[in-house]
Amino acid sequence: MRRLVRPLLLTALATCCGAALAATADQAPQGRLPGWAVPQSYQLAFKVDPAQQDFSGTTTIKVKLTQASDHLWLDGSELKVSKVAITDAAGKVHVGKYVSVEPKAGVVRVDFGSTLKPQQLTLKFEYTAPLNAQLQGLYKVTAKGQPYAMTQMEPISARFAFPGFDEPGFKTPFDLSITVPDSQAVVANTDQVKEQPAGKGWKTVTFAQTLPLPTYLVAFAVGPWDIVAGPDISPDAYRAKPLKLRGVAAKGEGHRMQHVLGETPSIIHALENYYGFGYPFGKLDLLAAPDFEAGAMENPGLVTFRDWLLLLDKDSPARNVQGSFNVTAHELAHQWTGDTVTTEWWNDIWLNEAFATWMQQKVTMEVHPEYRADLDRVRGAQGAMSNDSLVSARSIRQPITGNGDIMTAFDGITYQKGAGVIAMFENYVGEKTYQKGMRAYIQKQKFGNATADDLVSAIATAADKGDAFKHAFKSFLDQSGVPYVTTRLEQKDGKTVLHLSQSRYLPIGSAGDAKRIWGVPVCVRYGTAADGKDNAPSSKVSCDMLDQATGSMTLPGASNPTWVMPNANASGYYRFSLGKAALAGLVKQVGKLSDAEQLAYADAVDASFRHGDLDAGDVLTALQPLTGSKIRDVATAPLDQLAWIYRHVATTDAQRARLAAWAKAAYLPRLEQLSYQRKAGEPEEDSLMRSELAGSLGFGFKLPEVRAALLKQGEAALKPTAAGHLNLAAADPDLLGDALGMAVQEHGKSAVDALIAELPKTSDPALRNGILGGLASVEDPALTEQVRNFALTKPVKVGEMAMLLRAGRNTRAQRDAMWTWFTAHYQQILDRTGSFSGGRLPSLAAGGGCSTAEYDRLQAFFKTREKDAAGIGRGLAQMGESIQLCSALKAKQDPAAILR
């Protein structure tokens with residue numbers, strides 16, 4: 001679309017043998033469906049009118065029964081099945097019975113009426129069901145007063161749309177036909193092959209049979225869509241025919257698809273060149289969904305996105321333009337890793353998501369190197385490390401014990417940690433070797449399913465590596481946590497030796513066990529003596545596999561004394577510690593490091609701070625050199641740490657003033673040089689820098705100069721036009737949300753009321769995001785409650801709610817107010833989002849918490865509510881631990897260090 005270490009034997013059993021949970025006639029499956037009933041193909045027929053509340057369907061499944069039985073198990077949720085017919089291999093029809101055994105999990109038993117021998121059966125179900133209201137399965141959404149119906153099946157929501165074997169390992173062809181009102185357009189995974197009348201005012205549209213797919217990749221959409229042609233994607237060495245490309249958007253929005261359609265051919269060609277295998281799905285539609293839970297979804301032939309990612313024009317925010325390319329590249333990468341080859345079971349969802357994340361970054365670096373996807377990879381991995389530092393963090397290949405584990409598997413561990421680990425081992429074996437392994441993996445598993453063993457073995461074979469390599473790779477897949485590599489330099493027998501040790505990185509307050517071993521490909525950059533050419537000192541890189549608790553490596557040609565950067569090119573998924581003295585030495589060399597290495601250096605400072613080795617004063621000294629970088633990602637890397645210290649460590653006006661002055665000196669000249677308005681032809685990086693600095697300096701550190709500039713734009717944007725709309729175009733498009741937010745903070749209720757009234761009047765997703773961003777900046781307690789109440793109303797899309805509900809948490813008083821509001825409105829929130837957001841509910845309630853009291857009330861509230869929605873248990877464990885760690889780190893601080 002997004003722990004405890006178990007003994008190896010138990011982990012292997014849990015991973016390989018999910019089918020051991022197969023049910024008896026009296027026991028519903030608690031994990032995977034039993035393997036003795038296997039779907040061979042589906043025929044799906046739907047009758048859908050988006051204006052109605054319900055739809056009807058007929059599902060016909062050919063099933064191979066491999067053992068005698070009087071029943072089988074499958075998945076279905078909220079389906080009112082009126083008829084089940086079972087046709088055996090001899091053509092005899094048996095009347096079946098559909099029994100919902102586990103309604104919450106969606107597990108169903110189909111009784112045959114008698115015991116049937118092993119054979120091929122045909123099961124036919126007739127049913128009705130509601131159009132889902134929580135953006136899952138086949139759901140309904142309204143845009144500009146027009147209703148639409150569309151699908152989102154991943155991970156386990158196909159069961160809301162049709163009865164079936166709703167698991168990734170069951171991969172079959174699908175035949176799809178949809179009956180809709182004559183006025184409606186229909187798109188699906190494959191090309192339309194027939195349209196015929198279906199009674200007064202209705203038509204039936206039939207689509208070509210799909211290639212083998214799991215249920216979660218079935219997709220279609222019904223409504224008054226604009227369908228616009230994009231450029232055909234030209235043939236190449238891997239595909240003989242042009243690829244048809246179209247954009248699909250809500251009525252009246254299709255003209256805004258041209259930018260993304262123009263970018264798509266370069267992405268497809270880059271992917272085909274890498275994998276050596278042409279796009280296999282015949283046609284390609286990109287659909288801008290009026291409301292969508294995920295960021296995007298890789299359905300083959302019909303890729304669906306949040307609308308702001310696709311609906312672009314010359315005034316679109318730079319973040320939307322870059323986000324559009326990156327997300328499109330991610331979803332199209334899935335056409336190979338995720339669609340052509342699909343994971344066998346949800347514990348290996350990283351084979352889909354981590355590889356799409358990693359591949360998107362490669363494509364972006366090839367097509368748009370100015371977007372610096374190489375730095376996105378580093379920052380993404382560092383973000384994952386923050387979660388991975390929790391004892392409650394899941395592993396990449398997390399054993400699946402229930403639907404909650406499936407729903408919460410779509411997180412930074414799967415996506416960003418997975419991509420970081422892939423990149424680390426790619427760096428270790430070399431890009432060309434890794435590509436060779438990937439091509440072999442795709443070809444061997446084409447149109448089938450795969451496991452981690454298939455992938456790791458393919459890479460090992462290509463690299464001519466054995467069990468030690470496989471063990472190293474799997475050590476990052478099968479256990480949680482971040483390796484913490486500590487270093488010590490020694491001069492011995494005329495050589496420079498770097499001593500290494502590894503443990504699990506654990507921040508202050510953690511109850512975890514640091515004793516853990518990975519196979520870590522450690523690469524270090526170190527200073528060398530002056531060479532014989534220009535007599536200037538330089539650096540070298542040396543790499544080795546650290547697969548024991550301790551190890552060492554000799555640094556040929558190192559200067560004496562030398563400096564060491566223990567994560568060369570930031571290619572490793574690990575954190576490192578140098579000790580205070582060595583870190584002080586590295587501070588002087590920061591300018592010699594690559595951009596990616598400077599980000600790794602910033603993370604090392606953060607890790608040492610959270611580990612208790614540095615105080616706030618040390619952090620300010622160590623990070624200051626980064627602020628002068630010309631590269632946005634590097635220059636702004638200190639801001640998050642600085643903001644945390646400002647909120648949680650500074651206790652006096654003098655301390656806060658010191659931090660604000662530090663930020664002002666470091667960043668205000670850069671912002672003033674950029675000015676507060678986009679310039680014609682300026683690089684997108686300038687627009688992104690302007691937005692990031694204005695938001696941080698204006699709201700985080702409350703610099704008066706920045707607030708005044710934003711307020712001026714916000715006031716202009718709030719002035720009504722002759723047409724009765726707000727003049728939102730008066731603000732810089734990259735600063736719209738900040739400008740409106742400043743007006744909200746300064747003018748209060750009049751600004752809030754104006755924005756609440758404006759939101760239903762616009763369908764432009766960028767303008768809606770700006771309005772929501774403005775409302776999310778509210779600080780007045782009464783207005784904050786008004787905004788949160790507004791978030792639960794129809795004018796706010798389900799997928800937009802979080803923008804309003806996650807704001808306003810910087811102070812304890814704000815978090816207390818959010819807690820009071822959340823607990824009072826819990827059922828309404830659950831009703832609107834519960835089927836897909838269970839794991840996020842604890843963080844929605846208590847995100848930003850940093851005290852024992854906040855931890856205690858979170859536990860007390862949710863402990864009796866873990867079964868309300870899948871994933872709450874894991875979300876509770878991780879949010880609770882995060883609060884405890886924040887509290888412990890805060891208690892460790894000496895605020896006086898800020899003034900040192």
# chains A, B, ... in the order shown; residues from 1 in each chain; ligands from 1
call {"tool": "select_by_dssp", "arguments": {"residues": "region 575-799 of chain A", "states": "strand (DSSP E or B)", "output": "ChimeraX atom specification"}}
result
/A:575-577,720,726
call {"tool": "write_last_selection", "arguments": {"atoms": "all heavy atoms", "output": "PDB file, in the first residue's frame"}}
result
ATOM      1  N   ARG A 575      23.146   1.751  14.722  1.00  0.00           N
ATOM      2  CA  ARG A 575      23.601   2.979  15.350  1.00  0.00           C
ATOM      3  C   ARG A 575      25.010   2.744  15.890  1.00  0.00           C
ATOM      4  O   ARG A 575      25.410   1.606  16.117  1.00  0.00           O
ATOM      5  CB  ARG A 575      22.648   3.391  16.475  1.00  0.00           C
ATOM      6  CG  ARG A 575      21.369   4.012  15.941  1.00  0.00           C
ATOM      7  CD  ARG A 575      20.378   4.347  17.006  1.00  0.00           C
ATOM      8  NE  ARG A 575      19.488   5.429  16.560  1.00  0.00           N
ATOM      9  CZ  ARG A 575      18.368   5.766  17.145  1.00  0.00           C
ATOM     10  NH1 ARG A 575      17.966   5.110  18.238  1.00  0.00           N
ATOM     11  NH2 ARG A 575      17.631   6.755  16.679  1.00  0.00           N
ATOM     12  N   PHE A 576      25.750   3.827  16.079  1.00  0.00           N
ATOM     13  CA  PHE A 576      27.118   3.660  16.564  1.00  0.00           C
ATOM     14  C   PHE A 576      27.406   4.648  17.684  1.00  0.00           C
ATOM     15  O   PHE A 576      26.768   5.698  17.804  1.00  0.00           O
ATOM     16  CB  PHE A 576      28.130   3.827  15.433  1.00  0.00           C
ATOM     17  CG  PHE A 576      28.140   5.178  14.778  1.00  0.00           C
ATOM     18  CD1 PHE A 576      28.881   6.225  15.318  1.00  0.00           C
ATOM     19  CD2 PHE A 576      27.431   5.402  13.614  1.00  0.00           C
ATOM     20  CE1 PHE A 576      28.893   7.472  14.713  1.00  0.00           C
ATOM     21  CE2 PHE A 576      27.437   6.647  12.997  1.00  0.00           C
ATOM     22  CZ  PHE A 576      28.171   7.683  13.545  1.00  0.00           C
ATOM     23  N   SER A 577      28.379   4.283  18.508  1.00  0.00           N
ATOM     24  CA  SER A 577      28.837   5.130  19.597  1.00  0.00           C
ATOM     25  C   SER A 577      30.343   5.269  19.490  1.00  0.00           C
ATOM     26  O   SER A 577      31.057   4.288  19.299  1.00  0.00           O
ATOM     27  CB  SER A 577      28.456   4.515  20.945  1.00  0.00           C
ATOM     28  OG  SER A 577      29.052   5.239  22.007  1.00  0.00           O
ATOM     29  N   PRO A 720     -12.742  37.095   2.032  1.00  0.00           N
ATOM     30  CA  PRO A 720     -13.657  36.485   1.059  1.00  0.00           C
ATOM     31  C   PRO A 720     -13.500  37.112  -0.327  1.00  0.00           C
ATOM     32  O   PRO A 720     -13.202  38.294  -0.471  1.00  0.00           O
ATOM     33  CB  PRO A 720     -15.042  36.773   1.641  1.00  0.00           C
ATOM     34  CG  PRO A 720     -14.807  37.136   3.065  1.00  0.00           C
ATOM     35  CD  PRO A 720     -13.459  37.770   3.125  1.00  0.00           C
ATOM     36  N   LEU A 726     -13.044  31.816   0.368  1.00  0.00           N
ATOM     37  CA  LEU A 726     -11.853  32.443   0.912  1.00  0.00           C
ATOM     38  C   LEU A 726     -10.816  32.588  -0.206  1.00  0.00           C
ATOM     39  O   LEU A 726     -10.757  31.765  -1.125  1.00  0.00           O
ATOM     40  CB  LEU A 726     -11.277  31.610   2.058  1.00  0.00           C
ATOM     41  CG  LEU A 726     -12.179  31.399   3.277  1.00  0.00           C
ATOM     42  CD1 LEU A 726     -11.443  30.614   4.354  1.00  0.00           C
ATOM     43  CD2 LEU A 726     -12.675  32.727   3.835  1.00  0.00           C
TER      44      LEU A 726
END
call {"tool": "residues_around", "arguments": {"residues": "Phe447 (chain A)", "least_positions_apart": "5", "cutoff": "8 Å", "atoms": "only C-alpha atoms", "output": "list of chain:residue names"}}
result
A:Leu211, A:Pro212, A:Leu213, A:Asp339, A:Thr340, A:Val341, A:Thr342
call {"tool": "write_last_selection", "arguments": {"atoms": "N, CA, C and O atoms", "output": "mmCIF file, in the first residue's frame"}}
result
data_model
loop_
_atom_site.group_PDB
_atom_site.id
_atom_site.type_symbol
_atom_site.label_atom_id
_atom_site.label_comp_id
_atom_site.auth_asym_id
_atom_site.auth_seq_id
_atom_site.Cartn_x
_atom_site.Cartn_y
_atom_site.Cartn_z
ATOM 1 N N LEU A 211 -4.642 -12.104 -14.475
ATOM 2 C CA LEU A 211 -3.591 -13.054 -14.140
ATOM 3 C C LEU A 211 -3.814 -13.502 -12.697
ATOM 4 O O LEU A 211 -4.619 -12.911 -11.971
ATOM 5 N N PRO A 212 -3.122 -14.541 -12.235
ATOM 6 C CA PRO A 212 -3.343 -14.993 -10.853
ATOM 7 C C PRO A 212 -3.086 -13.876 -9.837
ATOM 8 O O PRO A 212 -2.041 -13.235 -9.850
ATOM 9 N N LEU A 213 -4.083 -13.660 -8.974
ATOM 10 C CA LEU A 213 -4.005 -12.626 -7.948
ATOM 11 C C LEU A 213 -4.497 -13.187 -6.618
ATOM 12 O O LEU A 213 -5.368 -14.061 -6.591
ATOM 13 N N ASP A 339 2.931 -7.971 -6.761
ATOM 14 C CA ASP A 339 1.853 -8.368 -7.663
ATOM 15 C C ASP A 339 2.272 -9.557 -8.531
ATOM 16 O O ASP A 339 1.626 -10.599 -8.510
ATOM 17 N N THR A 340 3.366 -9.390 -9.308
ATOM 18 C CA THR A 340 3.885 -10.527 -10.073
ATOM 19 C C THR A 340 4.334 -11.628 -9.114
ATOM 20 O O THR A 340 4.010 -12.797 -9.294
ATOM 21 N N VAL A 341 5.090 -11.254 -8.103
ATOM 22 C CA VAL A 341 5.465 -12.173 -7.021
ATOM 23 C C VAL A 341 4.807 -11.663 -5.747
ATOM 24 O O VAL A 341 5.002 -10.502 -5.362
ATOM 25 N N THR A 342 4.034 -12.516 -5.120
ATOM 26 C CA THR A 342 3.268 -12.139 -3.928
ATOM 27 C C THR A 342 3.749 -12.957 -2.738
ATOM 28 O O THR A 342 4.132 -14.120 -2.888
#
call {"tool": "closest_residue", "arguments": {"among": "A:Ala423, A:Leu138, A:Leu217, A:Leu351", "to": "Arg397 (chain A)", "atoms": "only C-alpha atoms"}}
result
A:Leu351
call {"tool": "atom_distance", "arguments": {"atom1": "CA of Ile400 (chain A)", "atom2": "CA of Gly31 (chain A)"}}
result
7.5 Å
